[in-house]
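Raw contents of coords.cif, mmCIF, C-alpha atoms and all ligand atoms:
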```cif
data_my_file
#
loop_
_atom_site.label_atom_id
_atom_site.label_comp_id
_atom_site.auth_asym_id
_atom_site.auth_seq_id
_atom_site.Cartn_x
_atom_site.Cartn_y
_atom_site.Cartn_z
CA MET A 1 -3.98 17.61 -24.11
CA ARG A 2 -6.20 14.70 -23.05
CA LEU A 3 -4.68 12.04 -20.82
CA GLN A 4 -5.95 8.44 -20.82
CA PHE A 5 -6.23 6.97 -17.31
CA PHE A 6 -7.51 3.87 -15.53
CA LYS A 7 -8.86 3.87 -11.98
CA TYR A 8 -8.23 0.79 -9.79
CA GLN A 9 -8.97 -0.07 -6.17
CA GLY A 10 -7.62 -2.71 -3.80
CA THR A 11 -9.86 -3.08 -0.71
CA GLY A 12 -10.92 0.53 -1.23
CA ASN A 13 -7.37 1.98 -1.44
CA ASP A 14 -7.80 3.68 -4.84
CA PHE A 15 -5.31 4.66 -7.52
CA VAL A 16 -5.10 6.44 -10.85
CA MET A 17 -3.05 4.26 -13.21
CA ILE A 18 -1.24 5.66 -16.23
CA ASP A 19 0.60 3.67 -18.88
CA ASN A 20 3.70 5.90 -19.03
CA ARG A 21 5.80 3.78 -21.38
CA ASN A 22 5.80 6.77 -23.75
CA ASN A 23 6.70 9.27 -20.98
CA ILE A 24 3.45 11.23 -21.32
CA VAL A 25 3.52 12.27 -17.64
CA SER A 26 6.50 14.07 -16.11
CA LYS A 27 7.43 12.71 -12.68
CA ASN A 28 8.19 16.29 -11.55
CA ASP A 29 4.70 17.57 -12.32
CA THR A 30 3.54 17.55 -8.68
CA LYS A 31 0.68 19.96 -9.44
CA LEU A 32 -0.77 17.77 -12.20
CA ILE A 33 -0.49 14.55 -10.15
CA ASN A 34 -2.10 16.27 -7.14
CA ARG A 35 -4.95 17.53 -9.35
CA LEU A 36 -5.55 14.13 -10.97
CA CYS A 37 -5.91 12.63 -7.45
CA ASP A 38 -8.19 15.43 -6.23
CA ARG A 39 -11.71 14.12 -5.55
CA LYS A 40 -13.39 17.40 -6.61
CA PHE A 41 -11.15 18.87 -9.34
CA GLY A 42 -9.77 15.62 -10.77
CA ILE A 43 -10.38 11.86 -10.96
CA GLY A 44 -10.00 11.23 -7.25
CA ALA A 45 -7.62 8.72 -5.65
CA ASP A 46 -5.33 8.02 -2.69
CA GLY A 47 -2.38 7.88 -5.09
CA LEU A 48 -1.21 7.73 -8.70
CA ILE A 49 0.97 5.05 -10.29
CA LEU A 50 2.98 5.22 -13.48
CA LEU A 51 3.64 1.93 -15.25
CA GLU A 52 6.98 2.34 -17.06
CA HIS A 53 9.42 0.24 -19.10
CA PRO A 54 11.59 -1.92 -16.80
CA ASP A 55 15.20 -0.96 -15.98
CA ALA A 56 16.10 -4.41 -14.63
CA GLU A 57 16.65 -7.44 -16.83
CA GLY A 58 13.86 -10.01 -16.41
CA ASP A 59 11.34 -7.46 -15.14
CA ASP A 60 7.99 -6.96 -16.88
CA PHE A 61 7.58 -3.29 -15.88
CA LYS A 62 8.60 -0.62 -13.37
CA MET A 63 6.34 0.95 -10.70
CA VAL A 64 6.55 4.67 -9.85
CA TYR A 65 4.24 5.67 -6.98
CA PHE A 66 2.96 9.11 -5.93
CA ASN A 67 0.78 9.98 -2.96
CA ALA A 68 -2.37 12.06 -3.52
CA ASP A 69 -0.38 15.17 -2.52
CA GLY A 70 1.54 14.78 -5.80
CA ASN A 71 4.87 13.73 -4.27
CA GLU A 72 6.69 10.54 -5.19
CA SER A 73 6.77 8.31 -2.13
CA THR A 74 7.92 4.96 -0.81
CA MET A 75 6.31 1.56 -1.55
CA CYS A 76 2.56 1.13 -1.83
CA GLY A 77 1.45 -2.47 -1.31
CA ASN A 78 -2.14 -2.12 -2.50
CA GLY A 79 -0.94 0.05 -5.39
CA GLY A 80 1.55 -2.68 -6.35
CA ARG A 81 -1.24 -5.25 -6.36
CA CYS A 82 -3.43 -2.97 -8.51
CA LEU A 83 -0.52 -2.36 -10.90
CA VAL A 84 -0.23 -6.12 -11.47
CA ALA A 85 -3.94 -6.21 -12.44
CA PHE A 86 -3.35 -3.19 -14.73
CA ALA A 87 -0.35 -4.90 -16.38
CA LYS A 88 -2.51 -7.96 -17.01
CA MET A 89 -5.24 -5.80 -18.57
CA LEU A 90 -2.63 -4.15 -20.84
CA GLY A 91 -1.42 -7.62 -21.95
CA ILE A 92 2.08 -7.12 -20.46
CA ILE A 93 1.75 -10.19 -18.20
CA GLU A 94 -0.52 -13.22 -17.91
CA THR A 95 -0.57 -14.69 -14.38
CA GLU A 96 2.93 -13.96 -13.03
CA ALA A 97 4.84 -10.66 -12.74
CA ASN A 98 8.28 -9.39 -11.84
CA PHE A 99 8.69 -5.67 -11.32
CA THR A 100 10.82 -3.17 -9.46
CA ALA A 101 9.51 -0.39 -7.24
CA ILE A 102 11.35 2.21 -5.15
CA ASP A 103 12.05 -0.40 -2.42
CA GLY A 104 13.46 -3.03 -4.80
CA PRO A 105 12.26 -6.08 -6.75
CA HIS A 106 8.84 -7.70 -6.30
CA LYS A 107 7.24 -10.92 -7.57
CA ALA A 108 3.48 -11.33 -7.89
CA SER A 109 0.76 -13.61 -9.21
CA ILE A 110 -2.84 -12.88 -10.23
CA ASP A 111 -5.67 -15.40 -10.51
CA LYS A 112 -8.85 -15.41 -12.62
CA ASN A 113 -10.80 -13.63 -9.85
CA ASP A 114 -8.29 -10.73 -9.74
CA ILE A 115 -6.82 -11.85 -6.42
CA VAL A 116 -3.23 -10.59 -6.41
CA ASN A 117 -0.50 -12.06 -4.21
CA LEU A 118 2.47 -9.68 -3.96
CA GLN A 119 5.85 -10.45 -2.42
CA MET A 120 6.97 -7.70 -0.05
CA GLN A 121 10.46 -6.88 1.23
CA ASN A 122 12.03 -8.91 4.04
CA VAL A 123 11.89 -7.22 7.45
CA SER A 124 14.37 -7.56 10.32
CA ASP A 125 14.41 -4.17 12.03
CA ILE A 126 11.40 -4.02 14.39
CA TYR A 127 10.95 -1.59 17.27
CA GLN A 128 8.42 -2.86 19.80
CA SER A 129 7.49 -1.46 23.22
CA GLY A 130 4.21 -2.35 24.95
CA ASN A 131 1.33 -1.42 22.66
CA ILE A 132 3.53 0.44 20.17
CA ALA A 133 5.61 -0.84 17.25
CA PHE A 134 7.49 0.74 14.35
CA LEU A 135 8.82 -1.00 11.25
CA ASP A 136 9.41 -0.37 7.56
CA THR A 137 7.75 -2.72 5.07
CA GLY A 138 8.73 -0.59 2.07
CA SER A 139 7.01 2.37 3.75
CA PRO A 140 7.33 3.42 7.41
CA HIS A 141 4.58 2.31 9.80
CA HIS A 142 3.85 3.27 13.40
CA ILE A 143 1.46 0.76 15.02
CA VAL A 144 -0.78 1.21 18.05
CA PHE A 145 -2.46 -1.92 19.48
CA THR A 146 -5.70 -0.85 21.11
CA ASP A 147 -9.07 -2.30 22.17
CA ASN A 148 -11.44 0.31 20.73
CA VAL A 149 -10.36 0.71 17.10
CA ASN A 150 -13.85 1.51 15.78
CA GLU A 151 -14.35 4.39 18.22
CA LEU A 152 -11.18 6.29 17.29
CA ASP A 153 -10.89 9.50 15.31
CA VAL A 154 -8.16 8.06 13.08
CA LYS A 155 -7.57 11.32 11.19
CA GLU A 156 -7.02 13.35 14.35
CA GLU A 157 -5.08 10.75 16.34
CA GLY A 158 -3.07 9.61 13.32
CA ALA A 159 -2.07 13.17 12.40
CA ALA A 160 -0.91 13.84 15.98
CA ILE A 161 1.55 10.90 15.73
CA ARG A 162 2.54 11.55 12.08
CA TYR A 163 3.51 15.18 12.89
CA SER A 164 5.02 14.40 16.32
CA THR A 165 8.66 15.28 17.01
CA ASP A 166 9.63 11.59 16.70
CA TYR A 167 8.65 11.55 13.02
CA LYS A 168 8.73 15.20 11.97
CA GLU A 169 11.46 14.83 9.28
CA LYS A 170 9.89 12.25 6.99
CA GLY A 171 6.57 11.55 8.70
CA THR A 172 5.07 8.09 9.05
CA ASN A 173 1.90 6.15 8.34
CA VAL A 174 -0.06 5.25 11.50
CA ASN A 175 -2.06 2.04 12.05
CA PHE A 176 -4.56 1.44 14.87
CA VAL A 177 -5.10 -2.28 15.50
CA GLU A 178 -7.47 -4.44 17.53
CA LYS A 179 -7.29 -8.21 17.87
CA THR A 180 -10.56 -10.06 17.21
CA GLU A 181 -11.73 -13.21 18.98
CA ALA A 182 -9.99 -15.27 16.27
CA GLU A 183 -6.32 -16.01 17.04
CA ASP A 184 -5.16 -14.98 13.54
CA THR A 185 -7.41 -11.97 12.76
CA PHE A 186 -6.95 -8.24 13.43
CA ILE A 187 -8.99 -5.12 12.63
CA VAL A 188 -6.84 -2.31 11.19
CA ARG A 189 -7.50 1.37 10.45
CA THR A 190 -4.72 3.42 8.85
CA TYR A 191 -3.83 7.11 8.64
CA GLU A 192 -1.72 7.57 5.49
CA ARG A 193 1.10 10.04 5.10
CA GLY A 194 0.75 11.94 1.81
CA VAL A 195 -3.03 11.46 1.82
CA GLU A 196 -3.15 13.00 5.32
CA ASP A 197 -6.34 11.17 6.13
CA GLU A 198 -7.66 7.71 6.93
CA THR A 199 -7.77 5.45 3.85
CA LEU A 200 -9.96 2.35 3.47
CA ALA A 201 -6.88 0.06 3.42
CA CYS A 202 -3.10 0.16 3.35
CA GLY A 203 -1.06 -2.80 2.05
CA THR A 204 2.33 -1.96 3.55
CA GLY A 205 0.38 -1.07 6.72
CA VAL A 206 -1.35 -4.44 7.15
CA THR A 207 1.95 -6.16 6.31
CA ALA A 208 3.59 -4.23 9.15
CA VAL A 209 0.68 -5.05 11.48
CA ALA A 210 0.85 -8.81 10.74
CA ILE A 211 4.61 -8.88 11.41
CA ALA A 212 4.34 -6.74 14.58
CA ALA A 213 1.45 -8.87 15.89
CA HIS A 214 3.52 -12.05 15.43
CA HIS A 215 6.72 -10.46 16.76
CA SER A 216 4.93 -9.33 19.95
CA ASN A 217 3.29 -12.79 20.45
CA ARG A 218 -0.20 -11.41 19.82
CA THR A 219 -0.61 -14.25 17.31
CA LYS A 220 1.28 -17.43 16.51
CA ALA A 221 -0.16 -17.58 12.98
CA SER A 222 2.21 -17.26 10.01
CA GLU A 223 -0.74 -16.31 7.80
CA VAL A 224 -2.56 -13.39 9.39
CA LYS A 225 -5.99 -12.05 8.34
CA LEU A 226 -6.57 -8.32 8.39
CA GLN A 227 -10.02 -6.70 8.35
CA VAL A 228 -9.85 -3.14 7.02
CA PRO A 229 -12.69 -0.67 6.32
CA GLY A 230 -12.53 -1.58 2.59
CA GLY A 231 -12.49 -5.39 2.93
CA SER A 232 -10.13 -8.24 3.85
CA LEU A 233 -6.45 -8.87 3.19
CA SER A 234 -4.04 -11.57 4.31
CA VAL A 235 -0.30 -11.54 4.98
CA SER A 236 1.89 -14.65 5.17
CA PHE A 237 5.58 -14.93 6.10
CA LYS A 238 8.34 -17.18 7.39
CA ALA A 239 9.62 -16.01 10.79
CA ASP A 240 13.04 -16.81 12.20
CA GLY A 241 13.66 -14.72 15.32
CA ASN A 242 13.60 -11.09 14.22
CA ASN A 243 13.85 -12.04 10.53
CA TYR A 244 10.64 -12.07 8.53
CA GLN A 245 11.15 -13.48 5.02
CA ASP A 246 9.02 -14.69 2.14
CA VAL A 247 6.44 -12.03 3.06
CA TRP A 248 3.32 -12.02 0.84
CA LEU A 249 0.37 -9.59 0.77
CA LYS A 250 -2.81 -11.03 -0.77
CA GLY A 251 -6.19 -9.56 -1.71
CA PRO A 252 -8.43 -8.26 -4.52
CA ALA A 253 -7.43 -5.63 -7.11
CA LYS A 254 -10.20 -4.31 -9.36
CA LEU A 255 -10.62 -1.95 -12.33
CA VAL A 256 -13.25 0.68 -11.38
CA PHE A 257 -13.43 2.76 -14.57
CA LYS A 258 -11.30 4.25 -17.32
CA GLY A 259 -11.46 7.58 -19.09
CA GLU A 260 -9.74 10.66 -20.44
CA ILE A 261 -9.11 13.89 -18.62
CA ALA A 262 -8.12 17.31 -19.97
CA CYS A 263 -4.81 18.55 -18.63
N1 LIG B 301 -1.47 2.83 0.49
C1 LIG B 301 -0.18 2.35 0.53
C2 LIG B 301 0.91 3.11 1.20
C3 LIG B 301 1.29 4.29 0.35
C4 LIG B 301 2.51 5.01 0.82
C5 LIG B 301 2.23 5.88 1.99
N2 LIG B 301 1.16 6.78 1.85
C6 LIG B 301 3.54 6.61 2.33
O1 LIG B 301 3.82 7.69 1.80
O2 LIG B 301 4.31 6.05 3.12
C7 LIG B 301 -0.09 0.86 0.69
O3 LIG B 301 -1.04 0.16 0.29
O4 LIG B 301 0.95 0.35 1.11
#
```
As structure tokens:
Amino acid sequence: MRLQFFKYQGTGNDFVMIDNRNNIVSKNDTKLINRLCDRKFGIGADGLILLEHPDAEGDDFKMVYFNADGNESTMCGNGGRCLVAFAKMLGIIETEANFTAIDGPHKASIDKNDIVNLQMQNVSDIYQSGNIAFLDTGSPHHIVFTDNVNELDVKEEGAAIRYSTDYKEKGTNVNFVEKTEAEDTFIVRTYERGVEDETLACGTGVTAVAIAAHHSNRTKASEVKLQVPGGSLSVSFKADGNNYQDVWLKGPAKLVFKGEIAC
């Protein structure tokens, strides 16, 4: 069988996209999904996303996300943004989208330059102690504020935290963050669970970083700019004490190529 796929990237976080409205891919086929994401034996990607018919009334589509290891996982912010661009390319939406992912409903908009603004879940549960924070923005994120982010071995240091006894059950994503000279701008490098390596960007990760930076008074901005190895993202929110609402993740989402693969 030959499978039609589309490859997208959002600030270098890359995804295989499959239109699964006819159930051509089984969600239990971990081996196949892992192989499609493999950079030597497959297409190559940090994750794979199935676009499916919506379950919820008023939705345009449903998002089902898998990490590169082939396992279904929690929310992917950059993947959600890329899925909106994919839905536009398929003619399912024009400039606005409503869809449901594993963490609940999302709204999004896309402009003529493929800049996608995606509403993320509200956050109120934030652990913060010194240079460390932990919060869930649809996916779990451990955050380390540091002053030498570009000198770190993110794969080695991220893995040590991800597999530590604190997180051993489910694991976590790990973000290393440095504040720039600008009051509202941070540099972020992320180790992703399920990829088990540094990726060029992580949407739920930068969302967590923006909220943690504001919560710990590292910035007063309610629109935070994040510089990641793959480009620039921004996160805006309304803060009321520990409650972060109306949280939006914004940045580019681009088609890289499309093709067919034997499987
Ligand atoms: N790249 C993602 C996060 C994907 C999920 C993560 N790997 C996990 O399993 O928690 C993003 O853009 O948010």
*Mind listing as a list in words all residues within 10 Å of (-1.7, 8.4, 13.5), counting only C-alpha atoms?*
His141, His142, Ile143, Val144, Asp153, Val154, Lys155, Glu156, Glu157, Gly158, Ala159, Ala160, Ile161, Arg162, Tyr163, Ser164, Thr172, Asn173, Val174, Asn175, Phe176, Arg189, Thr190, Tyr191, Glu192, Arg193, Glu196, Asp197 and Glu198 of chain A
Kindly save the residues from that selection, with C-alpha atoms included, as a compact mmCIF listing (two decimals), in the coordinates of the input.
```
# COMPACT_ATOMS: atom_id res chain seq x y z
CA HIS A 141 4.58 2.31 9.80
CA HIS A 142 3.85 3.27 13.40
CA ILE A 143 1.46 0.76 15.02
CA VAL A 144 -0.78 1.21 18.05
CA ASP A 153 -10.89 9.50 15.31
CA VAL A 154 -8.16 8.06 13.08
CA LYS A 155 -7.57 11.32 11.19
CA GLU A 156 -7.02 13.35 14.35
CA GLU A 157 -5.08 10.75 16.34
CA GLY A 158 -3.07 9.61 13.32
CA ALA A 159 -2.07 13.17 12.40
CA ALA A 160 -0.91 13.84 15.98
CA ILE A 161 1.55 10.90 15.73
CA ARG A 162 2.54 11.55 12.08
CA TYR A 163 3.51 15.18 12.89
CA SER A 164 5.02 14.40 16.32
CA THR A 172 5.07 8.09 9.05
CA ASN A 173 1.90 6.15 8.34
CA VAL A 174 -0.06 5.25 11.50
CA ASN A 175 -2.06 2.04 12.05
CA PHE A 176 -4.56 1.44 14.87
CA ARG A 189 -7.50 1.37 10.45
CA THR A 190 -4.72 3.42 8.85
CA TYR A 191 -3.83 7.11 8.64
CA GLU A 192 -1.72 7.57 5.49
CA ARG A 193 1.10 10.04 5.10
CA GLU A 196 -3.15 13.00 5.32
CA ASP A 197 -6.34 11.17 6.13
CA GLU A 198 -7.66 7.71 6.93
```
_Residue nearest ligand LIG 301 (chain B) - candidates A:Glu72, A:Glu169, A:Asp114, A:Asp29, atoms counted: all atoms listed in the file_ =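 Looking at the shortest contact to ligand LIG 301 (chain B), the residue is A:Glu72.
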_Residue neighbourhood Gln119 (chain A), 9 Å, all atoms listed in the file, exclusion window fewer than 3 positions, as number ranges by chain_ = A: 105-108, 246-250
*With a distance cut-off of 12 Å and only C-alpha atoms, select the neighbouring residues of Thr180 (chain A), excluding the residue or stretch itself and same-chain residues fewer than 4 positions from it, and output the selection as a list of chain:residue names.*
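In the requested form, the answer reads A:Phe145, A:Thr146, A:Asp147, A:Asn148, A:Val149, A:Asp184, A:Thr185, A:Phe186, A:Ile187, A:Val188, A:Arg218, A:Thr219, A:Val224, A:Lys225, A:Leu226, A:Gln227.
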Please identify all protein, DNA and RNA residues within 7 Å of ligand LIG 301 (chain B), counting only C-alpha atoms and all ligand atoms, and report them as a compact mmCIF listing (two decimals) with C-alpha atoms, keeping the file's coordinate frame.
```
# COMPACT_ATOMS: atom_id res chain seq x y z
CA ASN A 13 -7.37 1.98 -1.44
CA ASN A 67 0.78 9.98 -2.96
CA SER A 73 6.77 8.31 -2.13
CA THR A 74 7.92 4.96 -0.81
CA MET A 75 6.31 1.56 -1.55
CA CYS A 76 2.56 1.13 -1.83
CA GLY A 77 1.45 -2.47 -1.31
CA ASN A 78 -2.14 -2.12 -2.50
CA GLY A 79 -0.94 0.05 -5.39
CA SER A 139 7.01 2.37 3.75
CA PRO A 140 7.33 3.42 7.41
CA THR A 172 5.07 8.09 9.05
CA ASN A 173 1.90 6.15 8.34
CA GLU A 192 -1.72 7.57 5.49
CA ARG A 193 1.10 10.04 5.10
CA GLY A 194 0.75 11.94 1.81
CA VAL A 195 -3.03 11.46 1.82
CA ALA A 201 -6.88 0.06 3.42
CA CYS A 202 -3.10 0.16 3.35
CA GLY A 203 -1.06 -2.80 2.05
CA THR A 204 2.33 -1.96 3.55
CA GLY A 205 0.38 -1.07 6.72
```
*What separation in Å, quoted to one decimal, exists between CA of Ser26 (chain A) and CA of Glu52 (chain A)?*
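So the two atoms, CA of Ser26 (chain A) and CA of Glu52 (chain A), lie 11.8 Å apart.
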Closest atom pairs, region 100-213 of chain A residues within 10 Å of region 253-257 of chain A, all atoms listed in the file, as CSV:
```
residue,atom,partner,partner_atom,distance
A:Ile110,CA,A:Ala253,CA,9.1
A:Asn113,CA,A:Ala253,CA,9.1
A:Asp114,CA,A:Ala253,CA,5.8
A:Ile115,CA,A:Ala253,CA,6.3
A:Val116,CA,A:Ala253,CA,6.5
A:Asn117,CA,A:Ala253,CA,9.9
```
*asked:* From the options A:Ala182, A:Val64, A:Ala45, A:Ala212, which residue's atoms come nearest to Asn28 (chain A), counting only C-alpha atoms?
replied: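 Result for the nearest residue to Asn28 (chain A): A:Val64.
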*Of the candidates A:His214, A:Lys62, A:Lys112, A:Lys170, which shows the shortest atom-to-atom distance to Phe237 (chain A), using all atoms listed in the file?*
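With all atoms listed in the file as the atom set, the closest residue is A:His214.
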_Two-atom distance - CA of Ile18 (chain A), CA of Gly231 (chain A) (Å)_ =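 Straight-line distance from CA of Ile18 (chain A) to CA of Gly231 (chain A) works out to 24.8 Å.
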*Rounded to one decimal in Å, what is the spacing between CA of Leu51 (chain A) and CA of Asp19 (chain A)?*
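Taking CA of Leu51 (chain A) as the start and CA of Asp19 (chain A) as the end point, the length is 5.0 Å.
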*Measuring atom to atom with only C-alpha atoms, identify which of A:Val235, A:Met17, A:Val177, A:Ile211 is nearest to Val123 (chain A).*
A:Ile211
*Nearest to Thr207 (chain A): which of A:Asn150, A:Thr137, A:Asn22, A:Asn122 is it, counting all atoms listed in the file?*
A:Thr137
_Residues within 10 Å of Ala97 (chain A), please, as a PyMOL selection string. Count only C-alpha atoms; anything in the same chain fewer than 3 positions from it doesn't count._
chain A and resi 58-61+84-85+87-88+92-94+106-110+118
*Pick the closest to Tyr127 (chain A) from A:His215, A:Arg39, A:Lys220, A:Lys7: which is it, counting all atoms listed in the file?*
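Distance minimum relative to Tyr127 (chain A) lands on A:His215.
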Taking all atoms of region 11-18 of chain A that the file lists, what box with edges along x, y and z, padded by 8 Å per side, do you get, with centre and edge lengths in Å to one decimal, as lines of an AutoDock Vina configuration file?
```
center_x = -6.1
center_y = 1.7
center_z = -8.5
size_x = 25.7
size_y = 25.5
size_z = 31.5
```
